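Raw contents of upload08.pdb, PDB, C-alpha atoms, pLDDT in the B column:
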MODEL        1
ATOM      1  CA  MET A  33     -96.916  52.095  44.975  1.00 54.00           C
ATOM      2  CA  GLU A  34     -93.809  51.865  42.836  1.00 69.00           C
ATOM      3  CA  GLY A  35     -91.238  49.574  44.390  1.00 72.00           C
ATOM      4  CA  ALA A  36     -93.704  48.351  47.012  1.00 71.00           C
ATOM      5  CA  THR A  37     -94.300  44.700  47.698  1.00 72.00           C
ATOM      6  CA  VAL A  38     -97.929  43.737  48.197  1.00 64.00           C
ATOM      7  CA  ILE A  39     -98.495  40.647  50.326  1.00 67.00           C
ATOM      8  CA  PRO A  40    -102.173  39.728  50.195  1.00 59.00           C
ATOM      9  CA  ILE A  41    -103.676  38.522  53.448  1.00 66.00           C
ATOM     10  CA  LEU A  42    -106.430  36.034  52.753  1.00 73.00           C
ATOM     11  CA  PRO A  43    -109.733  36.969  54.369  1.00 74.00           C
ATOM     12  CA  ALA A  44    -111.455  34.287  56.428  1.00 74.00           C
ATOM     13  CA  GLY A  45    -112.828  31.535  54.214  1.00 79.00           C
ATOM     14  CA  VAL A  46    -110.716  32.329  51.142  1.00 82.00           C
ATOM     15  CA  GLN A  47    -108.848  29.208  50.015  1.00 85.00           C
ATOM     16  CA  ARG A  48    -106.550  30.772  47.423  1.00 83.00           C
ATOM     17  CA  ILE A  49    -106.142  33.747  45.092  1.00 84.00           C
ATOM     18  CA  THR A  50    -107.368  33.118  41.543  1.00 82.00           C
ATOM     19  CA  ALA A  51    -106.813  36.497  39.859  1.00 80.00           C
ATOM     20  CA  GLY A  52    -105.454  39.931  40.585  1.00 79.00           C
ATOM     21  CA  GLY A  53    -105.455  43.391  39.131  1.00 80.00           C
ATOM     22  CA  SER A  54    -103.968  46.767  39.940  1.00 80.00           C
ATOM     23  CA  THR A  55    -106.268  47.458  42.904  1.00 81.00           C
ATOM     24  CA  SER A  56    -107.659  44.112  44.049  1.00 81.00           C
ATOM     25  CA  TYR A  57    -107.518  40.358  43.847  1.00 81.00           C
ATOM     26  CA  VAL A  58    -110.184  37.673  43.633  1.00 82.00           C
ATOM     27  CA  GLY A  59    -110.060  34.711  45.983  1.00 82.00           C
ATOM     28  CA  ILE A  60    -112.011  31.472  45.838  1.00 83.00           C
ATOM     29  CA  ILE A  61    -114.368  30.697  48.711  1.00 81.00           C
ATOM     30  CA  ASP A  62    -115.852  27.542  47.188  1.00 80.00           C
ATOM     31  CA  GLN A  63    -116.656  26.146  43.732  1.00 76.00           C
ATOM     32  CA  ASP A  64    -119.328  28.776  43.036  1.00 71.00           C
ATOM     33  CA  THR A  65    -118.374  31.720  45.250  1.00 75.00           C
ATOM     34  CA  TYR A  66    -115.581  34.264  44.950  1.00 74.00           C
ATOM     35  CA  LEU A  67    -114.602  37.306  47.014  1.00 78.00           C
ATOM     36  CA  LYS A  68    -113.067  40.459  45.547  1.00 80.00           C
ATOM     37  CA  HIS A  69    -110.626  41.965  48.043  1.00 78.00           C
ATOM     38  CA  LEU A  70    -108.890  45.356  47.831  1.00 78.00           C
ATOM     39  CA  TYR A  71    -105.137  45.675  48.319  1.00 76.00           C
ATOM     40  CA  THR A  72    -105.566  48.994  50.145  1.00 76.00           C
ATOM     41  CA  GLU A  73    -108.387  51.157  51.448  1.00 74.00           C
ATOM     42  CA  ASP A  74    -107.400  53.774  48.836  1.00 78.00           C
ATOM     43  CA  SER A  75    -108.969  51.536  46.178  1.00 77.00           C
ATOM     44  CA  GLN A  76    -112.501  51.795  47.568  1.00 79.00           C
ATOM     45  CA  TYR A  77    -113.649  54.389  45.035  1.00 83.00           C
ATOM     46  CA  GLY A  78    -113.176  51.973  42.120  1.00 81.00           C
ATOM     47  CA  LEU A  79    -115.025  49.257  43.997  1.00 81.00           C
ATOM     48  CA  MET A  80    -117.899  51.661  44.703  1.00 83.00           C
ATOM     49  CA  VAL A  81    -118.096  52.527  40.980  1.00 84.00           C
ATOM     50  CA  GLU A  82    -118.202  48.817  40.139  1.00 82.00           C
ATOM     51  CA  ALA A  83    -120.899  48.187  42.773  1.00 83.00           C
ATOM     52  CA  THR A  84    -122.985  51.075  41.399  1.00 86.00           C
ATOM     53  CA  MET A  85    -122.654  49.654  37.877  1.00 85.00           C
ATOM     54  CA  LEU A  86    -123.745  46.171  39.026  1.00 84.00           C
ATOM     55  CA  ARG A  87    -126.747  47.623  40.894  1.00 85.00           C
ATOM     56  CA  THR A  88    -127.703  49.605  37.775  1.00 86.00           C
ATOM     57  CA  LEU A  89    -127.510  46.495  35.609  1.00 84.00           C
ATOM     58  CA  GLY A  90    -129.606  44.416  37.982  1.00 84.00           C
ATOM     59  CA  PHE A  91    -130.103  40.725  37.277  1.00 83.00           C
ATOM     60  CA  TYR A  92    -128.763  39.179  34.085  1.00 80.00           C
ATOM     61  CA  PRO A  93    -128.014  35.435  33.966  1.00 79.00           C
ATOM     62  CA  ARG A  94    -124.306  35.706  33.149  1.00 77.00           C
ATOM     63  CA  ILE A  95    -123.321  38.934  34.888  1.00 79.00           C
ATOM     64  CA  ILE A  96    -121.959  38.492  38.399  1.00 77.00           C
ATOM     65  CA  GLU A  97    -124.351  39.040  41.248  1.00 78.00           C
ATOM     66  CA  LEU A  98    -123.437  41.757  43.729  1.00 76.00           C
ATOM     67  CA  ARG A  99    -124.259  40.298  47.118  1.00 71.00           C
ATOM     68  CA  GLY A 100    -122.952  43.282  49.013  1.00 69.00           C
ATOM     69  CA  LEU A 101    -119.737  45.139  49.647  1.00 69.00           C
ATOM     70  CA  GLY A 102    -117.261  43.110  51.623  1.00 55.00           C
ATOM     71  CA  GLU A 103    -119.179  39.956  50.875  1.00 40.00           C
ATOM     72  CA  GLN A 104    -119.186  37.433  48.034  1.00 35.00           C
ATOM     73  CA  LEU A 105    -119.347  37.455  44.250  1.00 33.00           C
ATOM     74  CA  GLU A 106    -120.628  34.475  42.295  1.00 35.00           C
ATOM     75  CA  LYS A 107    -118.743  32.773  39.478  1.00 38.00           C
ATOM     76  CA  PHE A 108    -119.168  29.679  37.327  1.00 37.00           C
ATOM     77  CA  THR A 109    -115.975  27.651  37.049  1.00 38.00           C
ATOM     78  CA  GLY A 110    -114.806  24.752  34.940  1.00 47.00           C
ATOM     79  CA  LEU A 111    -113.127  23.844  31.674  1.00 49.00           C
ATOM     80  CA  ALA A 112    -115.175  23.570  28.514  1.00 55.00           C
ATOM     81  CA  PRO A 113    -114.721  22.202  25.002  1.00 64.00           C
ATOM     82  CA  LEU A 114    -114.511  24.521  21.999  1.00 70.00           C
ATOM     83  CA  GLN A 115    -118.314  24.539  21.540  1.00 73.00           C
ATOM     84  CA  GLY A 116    -118.720  25.747  25.110  1.00 70.00           C
ATOM     85  CA  ARG A 117    -116.218  28.530  24.556  1.00 71.00           C
ATOM     86  CA  PHE A 118    -118.090  29.639  21.419  1.00 78.00           C
ATOM     87  CA  ARG A 119    -121.303  29.702  23.469  1.00 78.00           C
ATOM     88  CA  TRP A 120    -119.567  31.843  26.114  1.00 74.00           C
ATOM     89  CA  THR A 121    -118.396  34.232  23.388  1.00 80.00           C
ATOM     90  CA  ARG A 122    -121.986  34.723  22.210  1.00 83.00           C
ATOM     91  CA  GLN A 123    -123.120  35.144  25.823  1.00 80.00           C
ATOM     92  CA  ALA A 124    -120.415  37.749  26.489  1.00 81.00           C
ATOM     93  CA  ALA A 125    -121.592  39.702  23.433  1.00 84.00           C
ATOM     94  CA  GLY A 126    -125.131  39.596  24.852  1.00 84.00           C
ATOM     95  CA  GLU A 127    -123.862  40.873  28.184  1.00 81.00           C
ATOM     96  CA  VAL A 128    -122.154  43.817  26.498  1.00 83.00           C
ATOM     97  CA  VAL A 129    -125.427  44.623  24.700  1.00 85.00           C
ATOM     98  CA  CYS A 130    -127.269  44.425  28.050  1.00 83.00           C
ATOM     99  CA  ILE A 131    -124.764  46.788  29.672  1.00 82.00           C
ATOM    100  CA  TYR A 132    -125.029  49.358  26.876  1.00 85.00           C
ATOM    101  CA  MET A 133    -128.833  49.120  26.676  1.00 87.00           C
ATOM    102  CA  LYS A 134    -128.919  50.190  30.341  1.00 86.00           C
ATOM    103  CA  ASP A 135    -126.705  53.170  29.440  1.00 87.00           C
ATOM    104  CA  VAL A 136    -123.665  51.855  31.325  1.00 82.00           C
ATOM    105  CA  ARG A 137    -120.368  52.432  29.518  1.00 80.00           C
ATOM    106  CA  HIS A 138    -117.640  49.967  30.473  1.00 76.00           C
ATOM    107  CA  CYS A 139    -114.260  51.081  29.135  1.00 77.00           C
ATOM    108  CA  ASP A 140    -112.289  48.002  30.214  1.00 76.00           C
ATOM    109  CA  ILE A 141    -113.985  44.975  28.648  1.00 76.00           C
ATOM    110  CA  TRP A 142    -111.447  42.192  28.177  1.00 73.00           C
ATOM    111  CA  LEU A 143    -111.097  38.511  29.019  1.00 67.00           C
ATOM    112  CA  GLY A 144    -109.806  39.244  32.525  1.00 66.00           C
ATOM    113  CA  ASN A 145    -113.039  41.080  33.346  1.00 68.00           C
ATOM    114  CA  LEU A 146    -115.295  38.249  32.182  1.00 67.00           C
ATOM    115  CA  LEU A 147    -116.287  35.637  34.731  1.00 59.00           C
ATOM    116  CA  LEU A 148    -117.166  32.552  32.726  1.00 52.00           C
TER     117      LEU A 148
ENDMDL
END
Go ahead and express the file in the form of C-alpha cells.
Amino acid sequence: MEGATVIPILPAGVQRITAGGSTSYVGIIDQDTYLKHLYTEDSQYGLMVEATMLRTLGFYPRIIELRGLGEQLEKFTGLAPLQGRFRWTRQAAGEVVCIYMKDVRHCDIWLGNLLL
C-alpha cells in the first residue's frame, strides 16, 4: 500500500482510535472495552492467527479476552505510579512465561503489544 492514504472509518460504538499498526487499529468503545479493526480485508489472516493464539492460551488474568471475531477486546486503562508500572512489568514477564508454557511462540513482544 505504498503511497496510499488510509482513512479509518469508525465502526458503530467506537469513540476514537487509541492505537494502530500496519494492518489494524484499536478503537475505544468504553473505559474497559476496545475493538480491533482491520484496515483491509486482506489482513484477515493475521487476525485469524492472533485469534487462534488467544484461544490456545485460554484464560489468564492479564491477557486480553477474545470475545469473538468482529466483536470486542477487553483492556484495563489508566495511569499508574512507578510502583504500578513495576508490578505491570512483573505481570508481563508472567504472561510471557504463560504463553511459552502453552507452546505458543510470539515473535513480536514489545510495549505496543501489551495491553496494561
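From atom CA of Val136 of chain A back to atom CA of Thr72 of chain A, the distance works out to 26.3 Å.
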### Task
For a cut-off of 8 Å around (-109.1, 35.9, 50.2), file coordinates, pick out all residues using all atoms listed in the file and list them as a PyMOL selection string.
chain A and resi 40-49+57-61+67-69
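Those residues that approach Ser75 of chain A to within 7 Å, counting all atoms listed in the file, are Thr55, Leu70 and Leu79 of chain A; same-chain residues fewer than 4 positions away are not listed.
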### Message
For a quick check of understanding, using all atoms listed in the file, which of A:Ile141, A:Gln63, A:Gly35, A:Ile131 has the smallest distance to Met85 of chain A?
### Response
A:Ile131
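In this structure, atom CA of Val81 of chain A sits 10.8 Å away from atom CA of His138 of chain A.
Atom CA of Arg94 of chain A sits 11.2 Å away from atom CA of Arg122 of chain A.
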Could you put an axis-aligned box around every listed atom of segment 73-81 of chain A, padded by 6 Å on each side, and send me its centre and edge lengths in Å to one decimal, as AutoDock Vina command-line options?
--center_x -112.7 --center_y 51.8 --center_z 46.2 --size_x 22.7 --size_y 17.1 --size_z 22.5
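With only C-alpha atoms as the atoms that count, the minimum distance from Leu89 of chain A to the choices A:Phe118, A:Tyr132, A:Tyr66, A:Trp142 is reached by A:Tyr132.
Nearest to Val128 of chain A of all the residues A:Asp62, A:Gln115, A:Tyr92, A:Glu73 is A:Tyr92, counting only C-alpha atoms.
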### Point (-129.3, 47.3, 43.7), cut-off 12 Å, counting all atoms listed in the file, residues as number ranges by chain
A: 82-91, 97-101
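Of the residues under consideration (A:Cys139, A:Trp120, A:Gly78, A:Cys130), A:Gly78 shows the shortest atom-to-atom contact distance to Ser54 of chain A when counting only C-alpha atoms.
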